[in-house]
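Q: File input15.cif below, mmCIF, N, CA and C atoms:
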```cif
data_entry
#
loop_
_atom_site.group_PDB
_atom_site.id
_atom_site.type_symbol
_atom_site.label_atom_id
_atom_site.label_comp_id
_atom_site.auth_asym_id
_atom_site.auth_seq_id
_atom_site.Cartn_x
_atom_site.Cartn_y
_atom_site.Cartn_z
ATOM 1 N N MET A 157 0.058 18.140 6.911
ATOM 2 C CA MET A 157 -1.234 17.973 6.257
ATOM 3 C C MET A 157 -1.671 16.516 6.370
ATOM 4 N N MET A 158 -2.847 16.293 6.933
ATOM 5 C CA MET A 158 -3.375 14.939 7.086
ATOM 6 C C MET A 158 -4.339 14.641 5.937
ATOM 7 N N LEU A 159 -4.200 13.447 5.367
ATOM 8 C CA LEU A 159 -5.058 13.007 4.272
ATOM 9 C C LEU A 159 -5.731 11.703 4.650
ATOM 10 N N LYS A 160 -6.907 11.482 4.116
ATOM 11 C CA LYS A 160 -7.592 10.214 4.352
ATOM 12 C C LYS A 160 -6.950 9.114 3.524
ATOM 13 N N MET A 161 -6.993 7.896 4.065
ATOM 14 C CA MET A 161 -6.506 6.743 3.337
ATOM 15 C C MET A 161 -7.327 6.627 2.050
ATOM 16 N N LYS A 162 -6.649 6.379 0.909
ATOM 17 C CA LYS A 162 -7.333 6.345 -0.383
ATOM 18 C C LYS A 162 -7.205 4.965 -1.024
ATOM 19 N N GLN A 163 -8.325 4.463 -1.535
ATOM 20 C CA GLN A 163 -8.303 3.195 -2.250
ATOM 21 C C GLN A 163 -7.846 3.430 -3.677
ATOM 22 N N LEU A 164 -7.014 2.520 -4.175
ATOM 23 C CA LEU A 164 -6.577 2.583 -5.569
ATOM 24 C C LEU A 164 -7.555 1.797 -6.424
ATOM 25 N N THR A 165 -8.105 2.442 -7.427
ATOM 26 C CA THR A 165 -8.990 1.770 -8.377
ATOM 27 C C THR A 165 -8.141 0.940 -9.331
ATOM 28 N N ASN A 166 -8.781 0.089 -10.118
ATOM 29 C CA ASN A 166 -8.036 -0.690 -11.104
ATOM 30 C C ASN A 166 -7.302 0.214 -12.087
ATOM 31 N N GLU A 167 -7.919 1.322 -12.465
ATOM 32 C CA GLU A 167 -7.267 2.267 -13.373
ATOM 33 C C GLU A 167 -6.025 2.871 -12.729
ATOM 34 N N LYS A 168 -6.139 3.253 -11.454
ATOM 35 C CA LYS A 168 -4.984 3.818 -10.757
ATOM 36 C C LYS A 168 -3.887 2.784 -10.562
ATOM 37 N N LEU A 169 -4.267 1.536 -10.340
ATOM 38 C CA LEU A 169 -3.268 0.467 -10.232
ATOM 39 C C LEU A 169 -2.534 0.295 -11.557
ATOM 40 N N THR A 170 -3.290 0.275 -12.633
ATOM 41 C CA THR A 170 -2.696 0.104 -13.954
ATOM 42 C C THR A 170 -1.741 1.245 -14.294
ATOM 43 N N LYS A 171 -2.136 2.459 -13.930
ATOM 44 C CA LYS A 171 -1.342 3.645 -14.260
ATOM 45 C C LYS A 171 -0.321 4.008 -13.173
ATOM 46 N N ASN A 172 -0.216 3.178 -12.125
ATOM 47 C CA ASN A 172 0.714 3.429 -11.015
ATOM 48 C C ASN A 172 0.472 4.791 -10.364
ATOM 49 N N CYS A 173 -0.782 5.146 -10.169
ATOM 50 C CA CYS A 173 -1.127 6.448 -9.594
ATOM 51 C C CYS A 173 -1.025 6.408 -8.071
ATOM 52 N N VAL A 174 0.146 6.735 -7.576
ATOM 53 C CA VAL A 174 0.394 6.839 -6.150
ATOM 54 C C VAL A 174 0.934 8.231 -5.866
ATOM 55 N N GLU A 175 1.178 8.528 -4.596
ATOM 56 C CA GLU A 175 1.567 9.889 -4.231
ATOM 57 C C GLU A 175 3.041 10.060 -3.879
ATOM 58 N N THR A 176 3.747 8.961 -3.613
ATOM 59 C CA THR A 176 5.157 9.073 -3.249
ATOM 60 C C THR A 176 5.987 8.030 -3.993
ATOM 61 N N ILE A 177 7.258 8.259 -4.053
ATOM 62 C CA ILE A 177 8.170 7.294 -4.687
ATOM 63 C C ILE A 177 8.155 5.980 -3.921
ATOM 64 N N ASN A 178 8.122 6.045 -2.599
ATOM 65 C CA ASN A 178 8.115 4.817 -1.809
ATOM 66 C C ASN A 178 6.836 4.009 -2.014
ATOM 67 N N GLN A 179 5.705 4.673 -2.157
ATOM 68 C CA GLN A 179 4.468 3.956 -2.484
ATOM 69 C C GLN A 179 4.599 3.288 -3.850
ATOM 70 N N PHE A 180 5.234 3.970 -4.792
ATOM 71 C CA PHE A 180 5.452 3.399 -6.115
ATOM 72 C C PHE A 180 6.304 2.133 -6.017
ATOM 73 N N LYS A 181 7.350 2.164 -5.201
ATOM 74 C CA LYS A 181 8.222 0.991 -5.038
ATOM 75 C C LYS A 181 7.449 -0.184 -4.441
ATOM 76 N N VAL A 182 6.573 0.106 -3.483
ATOM 77 C CA VAL A 182 5.755 -0.954 -2.887
ATOM 78 C C VAL A 182 4.783 -1.501 -3.923
ATOM 79 N N LEU A 183 4.141 -0.633 -4.691
ATOM 80 C CA LEU A 183 3.195 -1.084 -5.711
ATOM 81 C C LEU A 183 3.887 -1.953 -6.756
ATOM 82 N N GLU A 184 5.063 -1.571 -7.171
ATOM 83 C CA GLU A 184 5.816 -2.394 -8.129
ATOM 84 C C GLU A 184 6.117 -3.768 -7.541
ATOM 85 N N TYR A 185 6.485 -3.821 -6.275
ATOM 86 C CA TYR A 185 6.731 -5.094 -5.588
ATOM 87 C C TYR A 185 5.458 -5.945 -5.589
ATOM 88 N N LEU A 186 4.332 -5.324 -5.235
ATOM 89 C CA LEU A 186 3.067 -6.063 -5.202
ATOM 90 C C LEU A 186 2.693 -6.582 -6.586
ATOM 91 N N LYS A 187 2.893 -5.773 -7.606
ATOM 92 C CA LYS A 187 2.569 -6.205 -8.972
ATOM 93 C C LYS A 187 3.418 -7.391 -9.410
ATOM 94 N N LYS A 188 4.639 -7.460 -8.951
ATOM 95 C CA LYS A 188 5.516 -8.579 -9.302
ATOM 96 C C LYS A 188 5.151 -9.847 -8.554
ATOM 97 N N ASN A 189 4.525 -9.710 -7.368
ATOM 98 C CA ASN A 189 4.312 -10.866 -6.499
ATOM 99 C C ASN A 189 2.858 -11.256 -6.280
ATOM 100 N N LEU A 190 1.924 -10.409 -6.653
ATOM 101 C CA LEU A 190 0.498 -10.676 -6.436
ATOM 102 C C LEU A 190 -0.306 -10.275 -7.664
ATOM 103 N N ASN A 191 -1.502 -10.822 -7.753
ATOM 104 C CA ASN A 191 -2.466 -10.314 -8.724
ATOM 105 C C ASN A 191 -3.176 -9.157 -8.036
ATOM 106 N N VAL A 192 -2.649 -7.958 -8.204
ATOM 107 C CA VAL A 192 -3.149 -6.801 -7.457
ATOM 108 C C VAL A 192 -4.629 -6.516 -7.721
ATOM 109 N N PHE A 193 -5.155 -6.984 -8.832
ATOM 110 C CA PHE A 193 -6.551 -6.732 -9.165
ATOM 111 C C PHE A 193 -7.507 -7.649 -8.391
ATOM 112 N N SER A 194 -6.943 -8.578 -7.614
ATOM 113 C CA SER A 194 -7.754 -9.458 -6.771
ATOM 114 C C SER A 194 -7.916 -8.919 -5.357
ATOM 115 N N PHE A 195 -7.332 -7.773 -5.083
ATOM 116 C CA PHE A 195 -7.323 -7.203 -3.747
ATOM 117 C C PHE A 195 -7.814 -5.762 -3.767
ATOM 118 N N LYS A 196 -8.220 -5.282 -2.599
ATOM 119 C CA LYS A 196 -8.433 -3.849 -2.404
ATOM 120 C C LYS A 196 -7.098 -3.307 -1.903
ATOM 121 N N ILE A 197 -6.601 -2.269 -2.534
ATOM 122 C CA ILE A 197 -5.313 -1.697 -2.144
ATOM 123 C C ILE A 197 -5.515 -0.220 -1.833
ATOM 124 N N PHE A 198 -4.957 0.191 -0.711
ATOM 125 C CA PHE A 198 -5.109 1.562 -0.233
ATOM 126 C C PHE A 198 -3.747 2.216 -0.026
ATOM 127 N N LEU A 199 -3.683 3.522 -0.282
ATOM 128 C CA LEU A 199 -2.528 4.311 0.121
ATOM 129 C C LEU A 199 -2.692 4.529 1.625
ATOM 130 N N TYR A 200 -1.790 3.981 2.411
ATOM 131 C CA TYR A 200 -1.931 4.027 3.870
ATOM 132 C C TYR A 200 -1.141 5.186 4.474
ATOM 133 N N ASP A 201 0.127 5.277 4.114
ATOM 134 C CA ASP A 201 0.942 6.427 4.472
ATOM 135 C C ASP A 201 2.003 6.597 3.401
ATOM 136 N N LYS A 202 2.951 7.501 3.586
ATOM 137 C CA LYS A 202 3.888 7.808 2.514
ATOM 138 C C LYS A 202 4.816 6.645 2.158
ATOM 139 N N ASN A 203 4.896 5.624 3.015
ATOM 140 C CA ASN A 203 5.755 4.463 2.757
ATOM 141 C C ASN A 203 4.991 3.150 2.662
ATOM 142 N N THR A 204 3.675 3.161 2.889
ATOM 143 C CA THR A 204 2.937 1.922 3.119
ATOM 144 C C THR A 204 1.668 1.831 2.281
ATOM 145 N N LEU A 205 1.411 0.618 1.785
ATOM 146 C CA LEU A 205 0.137 0.299 1.143
ATOM 147 C C LEU A 205 -0.560 -0.762 1.985
ATOM 148 N N LYS A 206 -1.857 -0.615 2.134
ATOM 149 C CA LYS A 206 -2.684 -1.576 2.861
ATOM 150 C C LYS A 206 -3.387 -2.452 1.830
ATOM 151 N N VAL A 207 -3.378 -3.768 2.054
ATOM 152 C CA VAL A 207 -3.988 -4.729 1.138
ATOM 153 C C VAL A 207 -5.048 -5.518 1.899
ATOM 154 N N ILE A 208 -6.240 -5.632 1.293
ATOM 155 C CA ILE A 208 -7.329 -6.403 1.894
ATOM 156 C C ILE A 208 -7.790 -7.441 0.883
ATOM 157 N N ASP A 209 -7.862 -8.700 1.321
ATOM 158 C CA ASP A 209 -8.296 -9.761 0.411
ATOM 159 C C ASP A 209 -9.805 -9.960 0.484
ATOM 160 N N GLU A 210 -10.314 -10.941 -0.264
ATOM 161 C CA GLU A 210 -11.754 -11.156 -0.354
ATOM 162 C C GLU A 210 -12.365 -11.627 0.966
ATOM 163 N N LYS A 211 -11.548 -12.143 1.885
ATOM 164 C CA LYS A 211 -12.031 -12.564 3.202
ATOM 165 C C LYS A 211 -11.845 -11.464 4.249
ATOM 166 N N GLU A 212 -11.502 -10.260 3.786
ATOM 167 C CA GLU A 212 -11.290 -9.094 4.641
ATOM 168 C C GLU A 212 -10.036 -9.208 5.518
ATOM 169 N N ASN A 213 -9.116 -10.123 5.175
ATOM 170 C CA ASN A 213 -7.823 -10.170 5.855
ATOM 171 C C ASN A 213 -7.004 -8.981 5.387
ATOM 172 N N GLN A 214 -6.295 -8.364 6.332
ATOM 173 C CA GLN A 214 -5.532 -7.165 6.015
ATOM 174 C C GLN A 214 -4.038 -7.430 6.171
ATOM 175 N N ALA A 215 -3.273 -6.785 5.315
ATOM 176 C CA ALA A 215 -1.817 -6.826 5.413
ATOM 177 C C ALA A 215 -1.293 -5.465 4.984
ATOM 178 N N TYR A 216 -0.106 -5.163 5.420
ATOM 179 C CA TYR A 216 0.526 -3.888 5.098
ATOM 180 C C TYR A 216 1.888 -4.168 4.483
ATOM 181 N N PHE A 217 2.198 -3.448 3.440
ATOM 182 C CA PHE A 217 3.494 -3.559 2.788
ATOM 183 C C PHE A 217 4.140 -2.188 2.854
ATOM 184 N N LYS A 218 5.307 -2.145 3.493
ATOM 185 C CA LYS A 218 5.967 -0.870 3.767
ATOM 186 C C LYS A 218 7.364 -0.867 3.151
ATOM 187 N N TYR A 219 7.721 0.250 2.526
ATOM 188 C CA TYR A 219 9.071 0.417 1.992
ATOM 189 C C TYR A 219 9.975 0.913 3.108
ATOM 190 N N ASP A 220 11.043 0.156 3.392
ATOM 191 C CA ASP A 220 12.005 0.517 4.424
ATOM 192 C C ASP A 220 13.155 1.259 3.763
ATOM 193 N N GLU A 221 13.272 2.529 4.050
ATOM 194 C CA GLU A 221 14.293 3.365 3.421
ATOM 195 C C GLU A 221 15.704 2.992 3.873
ATOM 196 N N ASP A 222 15.847 2.392 5.055
ATOM 197 C CA ASP A 222 17.168 2.005 5.552
ATOM 198 C C ASP A 222 17.725 0.797 4.805
ATOM 199 N N THR A 223 16.859 -0.181 4.514
ATOM 200 C CA THR A 223 17.306 -1.403 3.843
ATOM 201 C C THR A 223 16.963 -1.436 2.359
ATOM 202 N N ASN A 224 16.159 -0.470 1.896
ATOM 203 C CA ASN A 224 15.684 -0.430 0.505
ATOM 204 C C ASN A 224 14.935 -1.703 0.131
ATOM 205 N N GLU A 225 14.127 -2.186 1.065
ATOM 206 C CA GLU A 225 13.331 -3.389 0.846
ATOM 207 C C GLU A 225 11.871 -3.119 1.197
ATOM 208 N N VAL A 226 10.986 -3.918 0.627
ATOM 209 C CA VAL A 226 9.580 -3.866 0.981
ATOM 210 C C VAL A 226 9.349 -4.887 2.084
ATOM 211 N N LEU A 227 8.764 -4.434 3.174
ATOM 212 C CA LEU A 227 8.498 -5.290 4.316
ATOM 213 C C LEU A 227 7.020 -5.661 4.369
ATOM 214 N N PHE A 228 6.741 -6.908 4.755
ATOM 215 C CA PHE A 228 5.374 -7.365 4.984
ATOM 216 C C PHE A 228 5.086 -7.204 6.461
ATOM 217 N N LEU A 229 3.985 -6.531 6.787
ATOM 218 C CA LEU A 229 3.600 -6.320 8.177
ATOM 219 C C LEU A 229 2.240 -6.949 8.421
ATOM 220 N N GLU A 230 2.103 -7.606 9.557
ATOM 221 C CA GLU A 230 0.858 -8.281 9.893
ATOM 222 C C GLU A 230 -0.278 -7.290 10.132
ATOM 223 N N GLU A 231 -1.453 -7.818 10.338
ATOM 224 C CA GLU A 231 -2.655 -7.013 10.529
ATOM 225 C C GLU A 231 -2.544 -6.085 11.736
ATOM 226 N N ASN A 232 -1.721 -6.388 12.709
ATOM 227 C CA ASN A 232 -1.637 -5.595 13.932
ATOM 228 C C ASN A 232 -0.820 -4.319 13.772
ATOM 229 N N PHE A 233 -0.540 -3.925 12.555
ATOM 230 C CA PHE A 233 0.144 -2.665 12.285
ATOM 231 C C PHE A 233 -0.702 -1.521 12.818
ATOM 232 N N GLU A 234 -0.092 -0.375 13.037
ATOM 233 C CA GLU A 234 -0.799 0.793 13.558
ATOM 234 C C GLU A 234 -2.132 0.994 12.834
ATOM 235 N N LYS A 235 -3.188 1.092 13.566
ATOM 236 C CA LYS A 235 -4.521 1.304 12.985
ATOM 237 C C LYS A 235 -4.792 2.797 12.899
ATOM 238 N N ASN A 236 -4.434 3.395 11.780
ATOM 239 C CA ASN A 236 -4.600 4.836 11.596
ATOM 240 C C ASN A 236 -5.097 5.063 10.181
ATOM 241 N N ASP A 237 -6.291 5.589 10.055
ATOM 242 C CA ASP A 237 -6.863 5.816 8.734
ATOM 243 C C ASP A 237 -6.435 7.141 8.118
ATOM 244 N N ASP A 238 -5.647 7.923 8.846
ATOM 245 C CA ASP A 238 -5.102 9.167 8.311
ATOM 246 C C ASP A 238 -3.595 8.995 8.146
ATOM 247 N N TYR A 239 -3.031 9.725 7.240
ATOM 248 C CA TYR A 239 -1.583 9.707 7.114
ATOM 249 C C TYR A 239 -1.089 11.088 6.735
ATOM 250 N N GLU A 240 0.178 11.285 6.981
ATOM 251 C CA GLU A 240 0.759 12.593 6.768
ATOM 252 C C GLU A 240 1.783 12.520 5.643
ATOM 253 N N LEU A 241 1.746 13.488 4.744
ATOM 254 C CA LEU A 241 2.727 13.580 3.662
ATOM 255 C C LEU A 241 3.592 14.792 3.886
#
```
As structure tokens, how would this structure be written, given the file I've shared?
A:
Amino acid sequence: MMLKMKQLTNEKLTKNCVETINQFKVLEYLKKNLNVFSFKIFLYDKNTLKVIDEKENQAYFKYDEDTNEVLFLEENFEKNDDYEL
């Protein structure tokens, strides 16, 4: 099943409304390290959140199940607005 990338509203950020455990782990990491309310944050795929700043710079934060760490990925990450759950 393919789903469109979804933006998290401030309410969804506050309530941790994500679709997977790995997205939750990434969101918790972002909340500890960034002011998440200063960015646009999207559910990108089942392991990844996309972050866009006020200058439209993009970054991706992905949960790596092998290392149990959140990885920072540059803007050149796969450009796919759909993801599969």
Q: Can you list, as a list in words, every protein, DNA or RNA residue that comes within 7 Å of A:Val182 when you count only N, CA and C atoms, leaving out same-chain residues fewer than 2 positions away?
A: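 Counting only N, CA and C atoms, the residues come to Ile177, Asn178, Gln179, Phe180, Glu184, Tyr185, Leu186, Lys187, Asn203, Leu205, Phe217, Lys218, Tyr219 and Val226 of chain A.
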Q: Hey, can you check how far atom CA of A:Leu190 sits from atom N of A:Lys211?
A: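 Interatomic distance, atom CA of A:Leu190 to atom N of A:Lys211: 14.7 Å.
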Q: Can you list every residue in stretch 170-239 of chain A that DSSP puts in strand (DSSP E), as a PyMOL selection string?
A: chain A and resi 196-201+204-208+214-220+225-229+238-239
Q: Take the residues just selected and output them with N, CA and C atoms as a JSON list (two decimals), in the frame of the given file.
A:
```
[["chain", "number", "residue", "atom", "x", "y", "z"],
["A", 196, "LYS", "N", -8.22, -5.28, -2.60],
["A", 196, "LYS", "CA", -8.43, -3.85, -2.40],
["A", 196, "LYS", "C", -7.10, -3.31, -1.90],
["A", 197, "ILE", "N", -6.60, -2.27, -2.53],
["A", 197, "ILE", "CA", -5.31, -1.70, -2.14],
["A", 197, "ILE", "C", -5.52, -0.22, -1.83],
["A", 198, "PHE", "N", -4.96, 0.19, -0.71],
["A", 198, "PHE", "CA", -5.11, 1.56, -0.23],
["A", 198, "PHE", "C", -3.75, 2.22, -0.03],
["A", 199, "LEU", "N", -3.68, 3.52, -0.28],
["A", 199, "LEU", "CA", -2.53, 4.31, 0.12],
["A", 199, "LEU", "C", -2.69, 4.53, 1.62],
["A", 200, "TYR", "N", -1.79, 3.98, 2.41],
["A", 200, "TYR", "CA", -1.93, 4.03, 3.87],
["A", 200, "TYR", "C", -1.14, 5.19, 4.47],
["A", 201, "ASP", "N", 0.13, 5.28, 4.11],
["A", 201, "ASP", "CA", 0.94, 6.43, 4.47],
["A", 201, "ASP", "C", 2.00, 6.60, 3.40],
["A", 204, "THR", "N", 3.68, 3.16, 2.89],
["A", 204, "THR", "CA", 2.94, 1.92, 3.12],
["A", 204, "THR", "C", 1.67, 1.83, 2.28],
["A", 205, "LEU", "N", 1.41, 0.62, 1.78],
["A", 205, "LEU", "CA", 0.14, 0.30, 1.14],
["A", 205, "LEU", "C", -0.56, -0.76, 1.98],
["A", 206, "LYS", "N", -1.86, -0.62, 2.13],
["A", 206, "LYS", "CA", -2.68, -1.58, 2.86],
["A", 206, "LYS", "C", -3.39, -2.45, 1.83],
["A", 207, "VAL", "N", -3.38, -3.77, 2.05],
["A", 207, "VAL", "CA", -3.99, -4.73, 1.14],
["A", 207, "VAL", "C", -5.05, -5.52, 1.90],
["A", 208, "ILE", "N", -6.24, -5.63, 1.29],
["A", 208, "ILE", "CA", -7.33, -6.40, 1.89],
["A", 208, "ILE", "C", -7.79, -7.44, 0.88],
["A", 214, "GLN", "N", -6.30, -8.36, 6.33],
["A", 214, "GLN", "CA", -5.53, -7.16, 6.02],
["A", 214, "GLN", "C", -4.04, -7.43, 6.17],
["A", 215, "ALA", "N", -3.27, -6.78, 5.32],
["A", 215, "ALA", "CA", -1.82, -6.83, 5.41],
["A", 215, "ALA", "C", -1.29, -5.46, 4.98],
["A", 216, "TYR", "N", -0.11, -5.16, 5.42],
["A", 216, "TYR", "CA", 0.53, -3.89, 5.10],
["A", 216, "TYR", "C", 1.89, -4.17, 4.48],
["A", 217, "PHE", "N", 2.20, -3.45, 3.44],
["A", 217, "PHE", "CA", 3.49, -3.56, 2.79],
["A", 217, "PHE", "C", 4.14, -2.19, 2.85],
["A", 218, "LYS", "N", 5.31, -2.14, 3.49],
["A", 218, "LYS", "CA", 5.97, -0.87, 3.77],
["A", 218, "LYS", "C", 7.36, -0.87, 3.15],
["A", 219, "TYR", "N", 7.72, 0.25, 2.53],
["A", 219, "TYR", "CA", 9.07, 0.42, 1.99],
["A", 219, "TYR", "C", 9.98, 0.91, 3.11],
["A", 220, "ASP", "N", 11.04, 0.16, 3.39],
["A", 220, "ASP", "CA", 12.00, 0.52, 4.42],
["A", 220, "ASP", "C", 13.16, 1.26, 3.76],
["A", 225, "GLU", "N", 14.13, -2.19, 1.06],
["A", 225, "GLU", "CA", 13.33, -3.39, 0.85],
["A", 225, "GLU", "C", 11.87, -3.12, 1.20],
["A", 226, "VAL", "N", 10.99, -3.92, 0.63],
["A", 226, "VAL", "CA", 9.58, -3.87, 0.98],
["A", 226, "VAL", "C", 9.35, -4.89, 2.08],
["A", 227, "LEU", "N", 8.76, -4.43, 3.17],
["A", 227, "LEU", "CA", 8.50, -5.29, 4.32],
["A", 227, "LEU", "C", 7.02, -5.66, 4.37],
["A", 228, "PHE", "N", 6.74, -6.91, 4.76],
["A", 228, "PHE", "CA", 5.37, -7.36, 4.98],
["A", 228, "PHE", "C", 5.09, -7.20, 6.46],
["A", 229, "LEU", "N", 3.98, -6.53, 6.79],
["A", 229, "LEU", "CA", 3.60, -6.32, 8.18],
["A", 229, "LEU", "C", 2.24, -6.95, 8.42],
["A", 238, "ASP", "N", -5.65, 7.92, 8.85],
["A", 238, "ASP", "CA", -5.10, 9.17, 8.31],
["A", 238, "ASP", "C", -3.60, 8.99, 8.15],
["A", 239, "TYR", "N", -3.03, 9.72, 7.24],
["A", 239, "TYR", "CA", -1.58, 9.71, 7.11],
["A", 239, "TYR", "C", -1.09, 11.09, 6.74]]
```
Q: Given the PyMOL selection byres (((chain A and resi 175 and name CA) around 12) and name CA) and the file above, list the residues it selects as a list of chain:residue names.
A: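 Residues picked by the PyMOL selection byres (((chain A and resi 175 and name CA) around 12) and name CA): A:Leu159, A:Met161, A:Lys162, A:Leu164, A:Lys168, A:Asn172, A:Cys173, A:Val174, A:Thr176, A:Ile177, A:Asn178, A:Gln179, A:Phe180, A:Lys181, A:Val182, A:Leu183, A:Phe198, A:Leu199, A:Tyr200, A:Asp201, A:Lys202, A:Asn203, A:Thr204, A:Leu205, A:Tyr239, A:Glu240, A:Leu241.
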Q: Output N, CA and C atoms of each residue in that selection to a file, as a PDB file, in the frame of the given file.
A:
```pdb
ATOM      1  N   LEU A 159      -4.200  13.447   5.367  1.00  0.00           N
ATOM      2  CA  LEU A 159      -5.058  13.007   4.272  1.00  0.00           C
ATOM      3  C   LEU A 159      -5.731  11.703   4.650  1.00  0.00           C
ATOM      4  N   MET A 161      -6.993   7.896   4.065  1.00  0.00           N
ATOM      5  CA  MET A 161      -6.506   6.743   3.337  1.00  0.00           C
ATOM      6  C   MET A 161      -7.327   6.627   2.050  1.00  0.00           C
ATOM      7  N   LYS A 162      -6.649   6.379   0.909  1.00  0.00           N
ATOM      8  CA  LYS A 162      -7.333   6.345  -0.383  1.00  0.00           C
ATOM      9  C   LYS A 162      -7.205   4.965  -1.024  1.00  0.00           C
ATOM     10  N   LEU A 164      -7.014   2.520  -4.175  1.00  0.00           N
ATOM     11  CA  LEU A 164      -6.577   2.583  -5.569  1.00  0.00           C
ATOM     12  C   LEU A 164      -7.555   1.797  -6.424  1.00  0.00           C
ATOM     13  N   LYS A 168      -6.139   3.253 -11.454  1.00  0.00           N
ATOM     14  CA  LYS A 168      -4.984   3.818 -10.757  1.00  0.00           C
ATOM     15  C   LYS A 168      -3.887   2.784 -10.562  1.00  0.00           C
ATOM     16  N   ASN A 172      -0.216   3.178 -12.125  1.00  0.00           N
ATOM     17  CA  ASN A 172       0.714   3.429 -11.015  1.00  0.00           C
ATOM     18  C   ASN A 172       0.472   4.791 -10.364  1.00  0.00           C
ATOM     19  N   CYS A 173      -0.782   5.146 -10.169  1.00  0.00           N
ATOM     20  CA  CYS A 173      -1.127   6.448  -9.594  1.00  0.00           C
ATOM     21  C   CYS A 173      -1.025   6.408  -8.071  1.00  0.00           C
ATOM     22  N   VAL A 174       0.146   6.735  -7.576  1.00  0.00           N
ATOM     23  CA  VAL A 174       0.394   6.839  -6.150  1.00  0.00           C
ATOM     24  C   VAL A 174       0.934   8.231  -5.866  1.00  0.00           C
ATOM     25  N   THR A 176       3.747   8.961  -3.613  1.00  0.00           N
ATOM     26  CA  THR A 176       5.157   9.073  -3.249  1.00  0.00           C
ATOM     27  C   THR A 176       5.987   8.030  -3.993  1.00  0.00           C
ATOM     28  N   ILE A 177       7.258   8.259  -4.053  1.00  0.00           N
ATOM     29  CA  ILE A 177       8.170   7.294  -4.687  1.00  0.00           C
ATOM     30  C   ILE A 177       8.155   5.980  -3.921  1.00  0.00           C
ATOM     31  N   ASN A 178       8.122   6.045  -2.599  1.00  0.00           N
ATOM     32  CA  ASN A 178       8.115   4.817  -1.809  1.00  0.00           C
ATOM     33  C   ASN A 178       6.836   4.009  -2.014  1.00  0.00           C
ATOM     34  N   GLN A 179       5.705   4.673  -2.157  1.00  0.00           N
ATOM     35  CA  GLN A 179       4.468   3.956  -2.484  1.00  0.00           C
ATOM     36  C   GLN A 179       4.599   3.288  -3.850  1.00  0.00           C
ATOM     37  N   PHE A 180       5.234   3.970  -4.792  1.00  0.00           N
ATOM     38  CA  PHE A 180       5.452   3.399  -6.115  1.00  0.00           C
ATOM     39  C   PHE A 180       6.304   2.133  -6.017  1.00  0.00           C
ATOM     40  N   LYS A 181       7.350   2.164  -5.201  1.00  0.00           N
ATOM     41  CA  LYS A 181       8.222   0.991  -5.038  1.00  0.00           C
ATOM     42  C   LYS A 181       7.449  -0.184  -4.441  1.00  0.00           C
ATOM     43  N   VAL A 182       6.573   0.106  -3.483  1.00  0.00           N
ATOM     44  CA  VAL A 182       5.755  -0.954  -2.887  1.00  0.00           C
ATOM     45  C   VAL A 182       4.783  -1.501  -3.923  1.00  0.00           C
ATOM     46  N   LEU A 183       4.141  -0.633  -4.691  1.00  0.00           N
ATOM     47  CA  LEU A 183       3.195  -1.084  -5.711  1.00  0.00           C
ATOM     48  C   LEU A 183       3.887  -1.953  -6.756  1.00  0.00           C
ATOM     49  N   PHE A 198      -4.957   0.191  -0.711  1.00  0.00           N
ATOM     50  CA  PHE A 198      -5.109   1.562  -0.233  1.00  0.00           C
ATOM     51  C   PHE A 198      -3.747   2.216  -0.026  1.00  0.00           C
ATOM     52  N   LEU A 199      -3.683   3.522  -0.282  1.00  0.00           N
ATOM     53  CA  LEU A 199      -2.528   4.311   0.121  1.00  0.00           C
ATOM     54  C   LEU A 199      -2.692   4.529   1.625  1.00  0.00           C
ATOM     55  N   TYR A 200      -1.790   3.981   2.411  1.00  0.00           N
ATOM     56  CA  TYR A 200      -1.931   4.027   3.870  1.00  0.00           C
ATOM     57  C   TYR A 200      -1.141   5.186   4.474  1.00  0.00           C
ATOM     58  N   ASP A 201       0.127   5.277   4.114  1.00  0.00           N
ATOM     59  CA  ASP A 201       0.942   6.427   4.472  1.00  0.00           C
ATOM     60  C   ASP A 201       2.003   6.597   3.401  1.00  0.00           C
ATOM     61  N   LYS A 202       2.951   7.501   3.586  1.00  0.00           N
ATOM     62  CA  LYS A 202       3.888   7.808   2.514  1.00  0.00           C
ATOM     63  C   LYS A 202       4.816   6.645   2.158  1.00  0.00           C
ATOM     64  N   ASN A 203       4.896   5.624   3.015  1.00  0.00           N
ATOM     65  CA  ASN A 203       5.755   4.463   2.757  1.00  0.00           C
ATOM     66  C   ASN A 203       4.991   3.150   2.662  1.00  0.00           C
ATOM     67  N   THR A 204       3.675   3.161   2.889  1.00  0.00           N
ATOM     68  CA  THR A 204       2.937   1.922   3.119  1.00  0.00           C
ATOM     69  C   THR A 204       1.668   1.831   2.281  1.00  0.00           C
ATOM     70  N   LEU A 205       1.411   0.618   1.785  1.00  0.00           N
ATOM     71  CA  LEU A 205       0.137   0.299   1.143  1.00  0.00           C
ATOM     72  C   LEU A 205      -0.560  -0.762   1.985  1.00  0.00           C
ATOM     73  N   TYR A 239      -3.031   9.725   7.240  1.00  0.00           N
ATOM     74  CA  TYR A 239      -1.583   9.707   7.114  1.00  0.00           C
ATOM     75  C   TYR A 239      -1.089  11.088   6.735  1.00  0.00           C
ATOM     76  N   GLU A 240       0.178  11.285   6.981  1.00  0.00           N
ATOM     77  CA  GLU A 240       0.759  12.593   6.768  1.00  0.00           C
ATOM     78  C   GLU A 240       1.783  12.520   5.643  1.00  0.00           C
ATOM     79  N   LEU A 241       1.746  13.488   4.744  1.00  0.00           N
ATOM     80  CA  LEU A 241       2.727  13.580   3.662  1.00  0.00           C
ATOM     81  C   LEU A 241       3.592  14.792   3.886  1.00  0.00           C
TER      82      LEU A 241
END
```
Q: Extending 4 Å beyond the listed atoms of stretch 211-221 of chain A on each side, what axis-aligned box results? I want centre and edge lengths in Å to one decimal, as lines of an AutoDock Vina configuration file.
A:
```
center_x = 1.8
center_y = -4.6
center_z = 4.1
size_x = 35.7
size_y = 23.9
size_z = 12.4
```
Q: Once the PyMOL selection byres ((chain A and resi 196) around 6) is applied to the coordinates I shared, what remains selected? I want it as number ranges by chain.
A: A: 194-195, 197-198, 206-209
Q: Which distance in Å separates atom CA of A:Thr170 and atom CA of A:Phe193, to one decimal?
A: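 These two atoms are separated by 9.2 Å.
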